[in-house]
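Coordinates from run38.tsv are shown below (TSV, C-alpha atoms).
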chain	number	residue	atom	x	y	z
N	29	MET	CA	17.91	-29.40	-40.44
N	30	ALA	CA	21.17	-30.11	-38.64
N	31	SER	CA	21.23	-31.83	-35.28
N	32	GLY	CA	21.50	-29.49	-32.32
N	33	LYS	CA	24.37	-31.63	-30.95
N	34	SER	CA	27.31	-31.48	-33.37
N	35	SER	CA	30.67	-33.23	-33.49
N	36	PHE	CA	32.26	-29.80	-33.74
N	37	LYS	CA	32.12	-26.51	-31.87
N	38	LEU	CA	30.80	-23.63	-33.95
N	39	ILE	CA	31.73	-19.96	-33.52
N	40	LEU	CA	29.92	-17.24	-35.45
N	41	GLY	CA	32.30	-14.32	-35.91
N	42	SER	CA	29.51	-11.79	-36.32
N	43	SER	CA	26.98	-9.82	-34.29
N	44	SER	CA	24.54	-9.81	-37.23
N	45	MET	CA	21.05	-10.85	-36.13
N	46	ALA	CA	20.31	-12.13	-39.65
N	47	ARG	CA	23.35	-14.44	-39.61
N	48	GLN	CA	22.48	-15.67	-36.13
N	49	ARG	CA	18.94	-16.44	-37.30
N	50	ILE	CA	20.19	-18.38	-40.36
N	51	LEU	CA	22.37	-20.65	-38.23
N	52	ALA	CA	19.65	-21.11	-35.60
N	53	GLU	CA	17.09	-22.04	-38.27
N	54	MET	CA	19.55	-24.62	-39.62
N	55	GLY	CA	19.60	-26.19	-36.16
N	56	TYR	CA	23.17	-25.36	-35.18
N	57	GLU	CA	24.26	-24.42	-31.68
N	58	PHE	CA	26.93	-21.74	-31.72
N	59	THR	CA	28.73	-19.08	-29.74
N	60	ILE	CA	29.25	-15.50	-30.92
N	61	MET	CA	32.56	-13.71	-31.07
N	62	THR	CA	33.14	-10.44	-32.92
N	63	ALA	CA	36.39	-9.52	-34.65
N	64	ASP	CA	36.48	-5.82	-33.72
N	65	ILE	CA	38.65	-4.88	-36.70
N	66	ASP	CA	38.91	-1.54	-38.50
N	67	GLU	CA	36.95	-2.46	-41.61
N	68	LYS	CA	37.59	0.94	-43.21
N	69	SER	CA	41.32	0.16	-43.30
N	70	ILE	CA	40.70	-2.67	-45.78
N	71	ARG	CA	39.88	-1.38	-49.26
N	72	LYS	CA	39.39	-3.21	-52.56
N	73	GLU	CA	38.04	-1.94	-55.88
N	74	LYS	CA	35.71	-4.88	-56.57
N	75	PRO	CA	32.91	-5.61	-54.07
N	76	GLU	CA	33.46	-9.38	-54.17
N	77	GLU	CA	37.15	-8.85	-53.36
N	78	LEU	CA	36.25	-6.49	-50.50
N	79	VAL	CA	33.75	-8.80	-48.78
N	80	THR	CA	36.15	-11.73	-49.18
N	81	ALA	CA	39.07	-9.76	-47.72
N	82	LEU	CA	36.95	-8.56	-44.79
N	83	ALA	CA	35.70	-12.07	-43.97
N	84	GLU	CA	39.32	-13.29	-44.01
N	85	ALA	CA	40.49	-10.39	-41.81
N	86	LYS	CA	37.74	-11.11	-39.29
N	87	ALA	CA	38.71	-14.78	-39.19
N	88	ASN	CA	42.39	-13.95	-38.69
N	89	ALA	CA	41.61	-11.51	-35.87
N	90	ILE	CA	39.41	-13.98	-33.98
N	91	MET	CA	41.84	-16.88	-34.47
N	92	SER	CA	44.72	-14.74	-33.23
N	93	ARG	CA	42.78	-13.71	-30.14
N	94	LEU	CA	41.82	-17.31	-29.31
N	95	GLN	CA	45.38	-18.57	-29.82
N	96	ASN	CA	46.82	-15.81	-27.65
N	97	THR	CA	44.48	-16.65	-24.79
N	98	GLY	CA	45.08	-20.41	-25.11
N	99	MET	CA	41.37	-21.09	-25.52
N	100	LEU	CA	41.87	-23.33	-28.56
N	101	GLU	CA	44.22	-25.70	-26.76
N	102	LYS	CA	41.74	-26.16	-23.90
N	103	ASP	CA	39.02	-27.41	-26.28
N	104	ALA	CA	39.54	-30.91	-27.66
N	105	HIS	CA	36.64	-30.59	-30.07
N	106	THR	CA	37.08	-29.50	-33.65
N	107	THR	CA	36.21	-25.81	-33.81
N	108	LEU	CA	34.77	-24.19	-36.91
N	109	LEU	CA	34.65	-20.42	-37.25
N	110	ILE	CA	32.22	-18.69	-39.60
N	111	THR	CA	32.96	-15.12	-40.65
N	112	ALA	CA	31.13	-13.06	-43.24
N	113	ASP	CA	30.70	-9.64	-44.75
N	114	THR	CA	28.18	-7.84	-46.93
N	115	VAL	CA	28.16	-4.67	-49.01
N	116	VAL	CA	25.62	-3.05	-51.30
N	117	VAL	CA	26.55	-1.80	-54.76
N	118	TYR	CA	24.45	1.10	-56.05
N	119	LYS	CA	25.22	2.65	-59.44
N	120	GLY	CA	28.70	1.14	-59.35
N	121	MET	CA	29.51	2.51	-55.88
N	122	ILE	CA	30.21	0.23	-52.91
N	123	ARG	CA	28.08	1.09	-49.88
N	124	GLU	CA	28.81	-0.09	-46.37
N	125	LYS	CA	26.98	1.05	-43.21
N	126	PRO	CA	25.92	4.71	-43.40
N	127	CYS	CA	27.67	7.10	-41.01
N	128	SER	CA	24.88	9.65	-40.48
N	129	LYS	CA	21.12	10.11	-40.72
N	130	LYS	CA	21.64	12.21	-43.84
N	131	GLU	CA	23.67	9.49	-45.54
N	132	ALA	CA	21.16	6.82	-44.46
N	133	ARG	CA	18.32	8.79	-46.04
N	134	GLU	CA	20.32	9.30	-49.25
N	135	PHE	CA	20.98	5.57	-49.44
N	136	ILE	CA	17.35	4.53	-48.96
N	137	LYS	CA	15.98	7.27	-51.23
N	138	GLY	CA	18.28	6.03	-53.97
N	139	TYR	CA	16.86	2.51	-53.75
N	140	SER	CA	13.26	3.75	-53.88
N	141	GLY	CA	11.80	2.71	-57.22
N	142	GLY	CA	15.24	1.48	-58.29
N	143	HIS	CA	17.60	-1.42	-57.67
N	144	ALA	CA	20.92	-2.33	-56.06
N	145	ALA	CA	23.17	-5.37	-55.79
N	146	VAL	CA	23.83	-7.11	-52.48
N	147	VAL	CA	27.23	-8.82	-52.37
N	148	GLY	CA	28.08	-11.12	-49.48
N	149	SER	CA	30.83	-13.52	-48.49
N	150	VAL	CA	31.14	-16.39	-46.02
N	151	LEU	CA	34.35	-18.06	-44.83
N	152	VAL	CA	34.42	-21.24	-42.74
N	153	THR	CA	37.74	-21.99	-41.00
N	154	ASN	CA	38.71	-25.20	-39.20
N	155	PHE	CA	40.95	-24.28	-36.26
N	156	ARG	CA	42.34	-27.79	-35.89
N	157	THR	CA	43.47	-28.30	-39.51
N	158	GLY	CA	43.85	-24.69	-40.60
N	159	ALA	CA	41.70	-25.42	-43.67
N	160	SER	CA	39.22	-22.81	-44.83
N	161	LYS	CA	36.50	-22.72	-47.47
N	162	GLY	CA	34.29	-19.90	-48.61
N	163	GLY	CA	33.14	-17.69	-51.41
N	164	TRP	CA	30.89	-14.83	-52.36
N	165	GLU	CA	27.40	-14.36	-53.73
N	166	SER	CA	25.63	-11.45	-55.41
N	167	ALA	CA	21.94	-10.76	-56.04
N	168	GLU	CA	20.17	-7.79	-57.63
N	169	VAL	CA	17.30	-6.40	-55.55
N	170	TYR	CA	14.51	-4.31	-57.10
N	171	PHE	CA	12.38	-1.95	-54.99
N	172	HIS	CA	8.97	-0.34	-55.19
N	173	ASP	CA	8.78	3.34	-54.22
N	174	ILE	CA	9.62	3.66	-50.51
N	175	PRO	CA	7.53	6.36	-48.74
N	176	ASP	CA	9.28	9.10	-46.76
N	177	GLU	CA	7.41	7.98	-43.64
N	178	VAL	CA	8.95	4.49	-43.90
N	179	MET	CA	12.41	6.03	-44.34
N	180	ASP	CA	11.85	8.17	-41.24
N	181	ASN	CA	10.72	5.17	-39.17
N	182	LEU	CA	13.69	3.05	-40.25
N	183	ILE	CA	16.13	5.82	-39.38
N	184	ASP	CA	14.41	6.51	-36.05
N	185	GLU	CA	14.80	2.81	-35.17
N	186	GLY	CA	18.48	2.98	-36.08
N	187	ILE	CA	18.18	0.10	-38.56
N	188	PRO	CA	20.27	1.66	-41.38
N	189	PHE	CA	23.32	1.98	-39.13
N	190	LYS	CA	23.42	-1.76	-38.42
N	191	VAL	CA	23.55	-3.07	-42.00
N	192	ALA	CA	25.53	-2.59	-45.19
N	193	GLY	CA	23.87	-0.16	-47.56
N	194	GLY	CA	21.54	1.05	-44.81
N	195	LEU	CA	18.62	-1.24	-45.68
N	196	MET	CA	17.68	-4.51	-43.95
N	197	LEU	CA	15.64	-6.33	-46.58
N	198	GLU	CA	13.93	-8.72	-44.14
N	199	HIS	CA	12.82	-5.93	-41.77
N	200	PRO	CA	8.98	-5.67	-41.55
N	201	LEU	CA	9.10	-2.01	-42.63
N	202	THR	CA	11.27	-2.77	-45.67
N	203	LEU	CA	10.00	-6.13	-46.93
N	204	PRO	CA	6.71	-4.83	-48.44
N	205	PHE	CA	8.73	-2.55	-50.72
N	206	VAL	CA	10.99	-5.27	-52.12
N	207	ASP	CA	9.69	-5.93	-55.62
N	208	SER	CA	11.92	-8.84	-56.61
N	209	VAL	CA	15.33	-10.43	-56.15
N	210	ASP	CA	17.20	-11.72	-59.19
N	211	GLN	CA	18.76	-15.19	-59.18
N	212	PRO	CA	22.10	-14.72	-57.43
N	213	GLN	CA	25.51	-15.04	-59.03
N	214	HIS	CA	28.07	-16.93	-56.97
N	215	CYS	CA	31.45	-18.60	-56.90
N	216	TRP	CA	30.62	-21.44	-54.52
N	217	GLY	CA	28.08	-24.15	-53.81
N	218	GLY	CA	26.14	-22.23	-51.16
N	219	PRO	CA	26.70	-20.11	-48.06
N	220	PHE	CA	27.08	-22.92	-45.53
N	221	CYS	CA	27.95	-25.86	-47.77
N	222	SER	CA	31.50	-25.89	-46.41
N	223	ILE	CA	30.65	-26.78	-42.81
N	224	LYS	CA	30.42	-30.56	-43.28
N	225	GLU	CA	33.32	-30.63	-45.74
N	226	LEU	CA	35.64	-29.21	-43.08
What does the file become when written as structure tokens?
Amino acid sequence: MASGKSSFKLILGSSSMARQRILAEMGYEFTIMTADIDEKSIRKEKPEELVTALAEAKANAIMSRLQNTGMLEKDAHTTLLITADTVVVYKGMIREKPCSKKEAREFIKGYSGGHAAVVGSVLVTNFRTGASKGGWESAEVYFHDIPDEVMDNLIDEGIPFKVAGGLMLEHPLTLPFVDSVDQPQHCWGGPFCSIKEL
């Protein structure tokens, strides 16, 4: 557990409740700032390249905004920015957030009794030095059959429209239908291992 009082200021460049919870559970104090970029304008063939490119684009957008407003110069503390992105890969197709109730249902129905890969990236950028560290991670998730009633409830709550692939694994309605998660593949030492190194 990290100390609540850090020698650096931490900005989470995401509105994701899951990412906020991870940082809070690690004991970090942080502020939230979203990038507000057009994610659909950034396309890559490989999911790991896409999530990496999106995390970098989010970091660049937030850094540019802070530099333009002079906020960085006013803060003498070292500032670290964390940006991230996630997609789901189902039968070789990259899935981001569904755009309609019909698409959300198609996504979830496809996972029912099947499996999909979750690919995520994290980038940590030091505003003072310009250094950045990050990487991506992938895990295969296997599902039990998901009842239509559960799909309806998830869609009614609007959950699928907030997350890549339309399914929040840790949600109380979803979690009972997660059969197993394979050991992840990755190209780093861990999602937040870079914070102290920067």
Per-axis box centre and lengths in Å around segment 114-118 of chain N, 4 Å margin per side, axis-aligned, as AutoDock Vina command-line options:
--center_x 26.3 --center_y -3.4 --center_z -51.5 --size_x 11.7 --size_y 16.9 --size_z 17.1
Contacts of segment 205-210 of chain N at 10 Å or less, counting only C-alpha atoms, minus same-chain residues fewer than 2 places along, as a ChimeraX atom specification? /N:139-146,166-175,178,197-198,200-203,212-213
re atom CA of Gly148 of chain N and atom CA of Asn88 of chain N: distance 18.1 Å
For Ser149 of chain N, find every residue with an atom within 8 Å (counting all atoms listed in the file), except residues of its own chain fewer than 6 positions away, and show them as a ChimeraX atom specification. /N:76,79-80,83,112-114,162-165,219
Rank N:Ile65, N:Arg71, N:Leu195, N:Gly55 by their smallest atom-to-atom distance to Glu134 of chain N, using only C-alpha atoms, and report the top residue only.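 So, comparing all the options, the nearest one is N:Leu195.
Within 6 Å of the point (23.1, -5.2, -49.7), counting only C-alpha atoms, the protein and nucleic acid residues come to N:Val115, N:Val116, N:Val146, N:Ala192, N:Gly193.
Going from atom CA of Lys190 of chain N to atom CA of Met61 of chain N covers 16.7 Å.
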Distance query 6 Å from (40.3, -8.4, -48.1) using all atoms listed in the file, result as a ChimeraX atom specification: /N:78,80-82
Between N:Lys137, N:Arg93, N:Lys68, N:Lys37, single out the one closest to Gly194 of chain N, counting only C-alpha atoms.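 Selected residue with least distance to Gly194 of chain N: N:Lys137.
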What's the separation between atom CA of Lys161 of chain N and atom CA of Thr106 of chain N, in Å to one decimal place? 15.4 Å
Pick the closest to Asp176 of chain N from N:Ala89, N:Arg123, N:Gly138, N:Asp66: which is it, counting only C-alpha atoms? N:Gly138
Find the residues near Thr62 of chain N: any atom within 10 Å, counting all atoms listed in the file, skip ones fewer than 2 places away on the same chain, and give them as a list in words.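 Surrounding residues, per the criterion: Ile39, Leu40, Gly41, Ser42, Ser43, Ser44, Ile60, Asp64, Ile65, Lys86, Ala87, Ala89, Ile90 and Thr111 of chain N.
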Near-Ile183 of chain N list (8 Å; all atoms listed in the file; drop same-chain fewer than 4 positions) as a ChimeraX atom specification: /N:129,132-133,179,187-188
Which of these, N:Thr153, N:Lys74, N:Ile110, N:Met45, has the shortest distance to Ile122 of chain N once you count all atoms listed in the file?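 Of all the options, N:Lys74 lies closest to Ile122 of chain N.
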Find, counting all atoms listed in the file, the residue in N:Ser128, N:Asn181, N:Thr107, N:Asn96 that gets nearest to Arg156 of chain N.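 Comparing N:Ser128, N:Asn181, N:Thr107, N:Asn96 against Arg156 of chain N, the winner is N:Thr107.
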For Leu182 of chain N, which residue out of N:Ile136, N:Val150, N:Met91, N:Leu51 is the nearest one, using all atoms listed in the file? N:Ile136
Add whatever atoms are absent from segment 165-193 of chain N to reach N, CA and C atoms, and provide the output as a compact mmCIF listing (two decimals), in the frame of the given file.
# COMPACT_ATOMS: atom_id res chain seq x y z
N GLU N 165 28.65 -14.25 -52.99
CA GLU N 165 27.40 -14.36 -53.73
C GLU N 165 26.84 -12.96 -53.95
N SER N 166 26.19 -12.76 -55.09
CA SER N 166 25.63 -11.45 -55.41
C SER N 166 24.22 -11.62 -55.97
N ALA N 167 23.32 -10.75 -55.54
CA ALA N 167 21.94 -10.76 -56.04
C ALA N 167 21.48 -9.32 -56.27
N GLU N 168 20.71 -9.12 -57.32
CA GLU N 168 20.17 -7.79 -57.63
C GLU N 168 18.78 -7.67 -57.01
N VAL N 169 18.58 -6.60 -56.24
CA VAL N 169 17.30 -6.40 -55.55
C VAL N 169 16.59 -5.19 -56.15
N TYR N 170 15.32 -5.38 -56.51
CA TYR N 170 14.51 -4.31 -57.10
C TYR N 170 13.45 -3.85 -56.09
N PHE N 171 13.26 -2.53 -56.00
CA PHE N 171 12.38 -1.95 -54.99
C PHE N 171 11.20 -1.20 -55.60
N HIS N 172 10.08 -1.25 -54.90
CA HIS N 172 8.97 -0.34 -55.19
C HIS N 172 9.36 1.03 -54.61
N ASP N 173 8.55 2.04 -54.85
CA ASP N 173 8.78 3.34 -54.22
C ASP N 173 8.65 3.20 -52.70
N ILE N 174 9.62 3.73 -51.98
CA ILE N 174 9.62 3.66 -50.51
C ILE N 174 9.18 5.02 -49.96
N PRO N 175 8.05 5.08 -49.26
CA PRO N 175 7.53 6.36 -48.74
C PRO N 175 8.49 7.02 -47.75
N ASP N 176 8.44 8.35 -47.70
CA ASP N 176 9.28 9.10 -46.76
C ASP N 176 9.02 8.67 -45.32
N GLU N 177 7.77 8.37 -45.01
CA GLU N 177 7.41 7.98 -43.64
C GLU N 177 8.13 6.69 -43.24
N VAL N 178 8.25 5.75 -44.17
CA VAL N 178 8.95 4.49 -43.90
C VAL N 178 10.44 4.77 -43.69
N MET N 179 11.00 5.64 -44.52
CA MET N 179 12.41 6.03 -44.34
C MET N 179 12.63 6.62 -42.96
N ASP N 180 11.73 7.53 -42.55
CA ASP N 180 11.85 8.17 -41.24
C ASP N 180 11.81 7.14 -40.11
N ASN N 181 10.88 6.18 -40.22
CA ASN N 181 10.72 5.17 -39.17
C ASN N 181 11.95 4.27 -39.08
N LEU N 182 12.49 3.89 -40.24
CA LEU N 182 13.69 3.05 -40.25
C LEU N 182 14.86 3.77 -39.59
N ILE N 183 15.02 5.03 -39.94
CA ILE N 183 16.13 5.82 -39.38
C ILE N 183 15.94 6.04 -37.88
N ASP N 184 14.69 6.31 -37.47
CA ASP N 184 14.41 6.51 -36.05
C ASP N 184 14.72 5.25 -35.24
N GLU N 185 14.50 4.07 -35.84
CA GLU N 185 14.80 2.81 -35.17
C GLU N 185 16.29 2.50 -35.16
N GLY N 186 17.04 3.22 -36.00
CA GLY N 186 18.48 2.98 -36.08
C GLY N 186 18.87 1.81 -36.96
N ILE N 187 17.92 1.28 -37.72
CA ILE N 187 18.18 0.10 -38.56
C ILE N 187 19.27 0.34 -39.60
N PRO N 188 19.27 1.47 -40.32
CA PRO N 188 20.27 1.66 -41.38
C PRO N 188 21.72 1.60 -40.91
N PHE N 189 21.95 1.91 -39.64
CA PHE N 189 23.32 1.98 -39.13
C PHE N 189 23.87 0.61 -38.72
N LYS N 190 23.02 -0.41 -38.82
CA LYS N 190 23.42 -1.76 -38.42
C LYS N 190 23.74 -2.66 -39.61
N VAL N 191 23.42 -2.19 -40.83
CA VAL N 191 23.55 -3.07 -42.00
C VAL N 191 24.21 -2.35 -43.17
N ALA N 192 24.90 -3.14 -43.99
CA ALA N 192 25.53 -2.59 -45.19
C ALA N 192 24.48 -1.98 -46.11
N GLY N 193 24.79 -0.81 -46.65
CA GLY N 193 23.87 -0.16 -47.56
C GLY N 193 22.70 0.52 -46.89
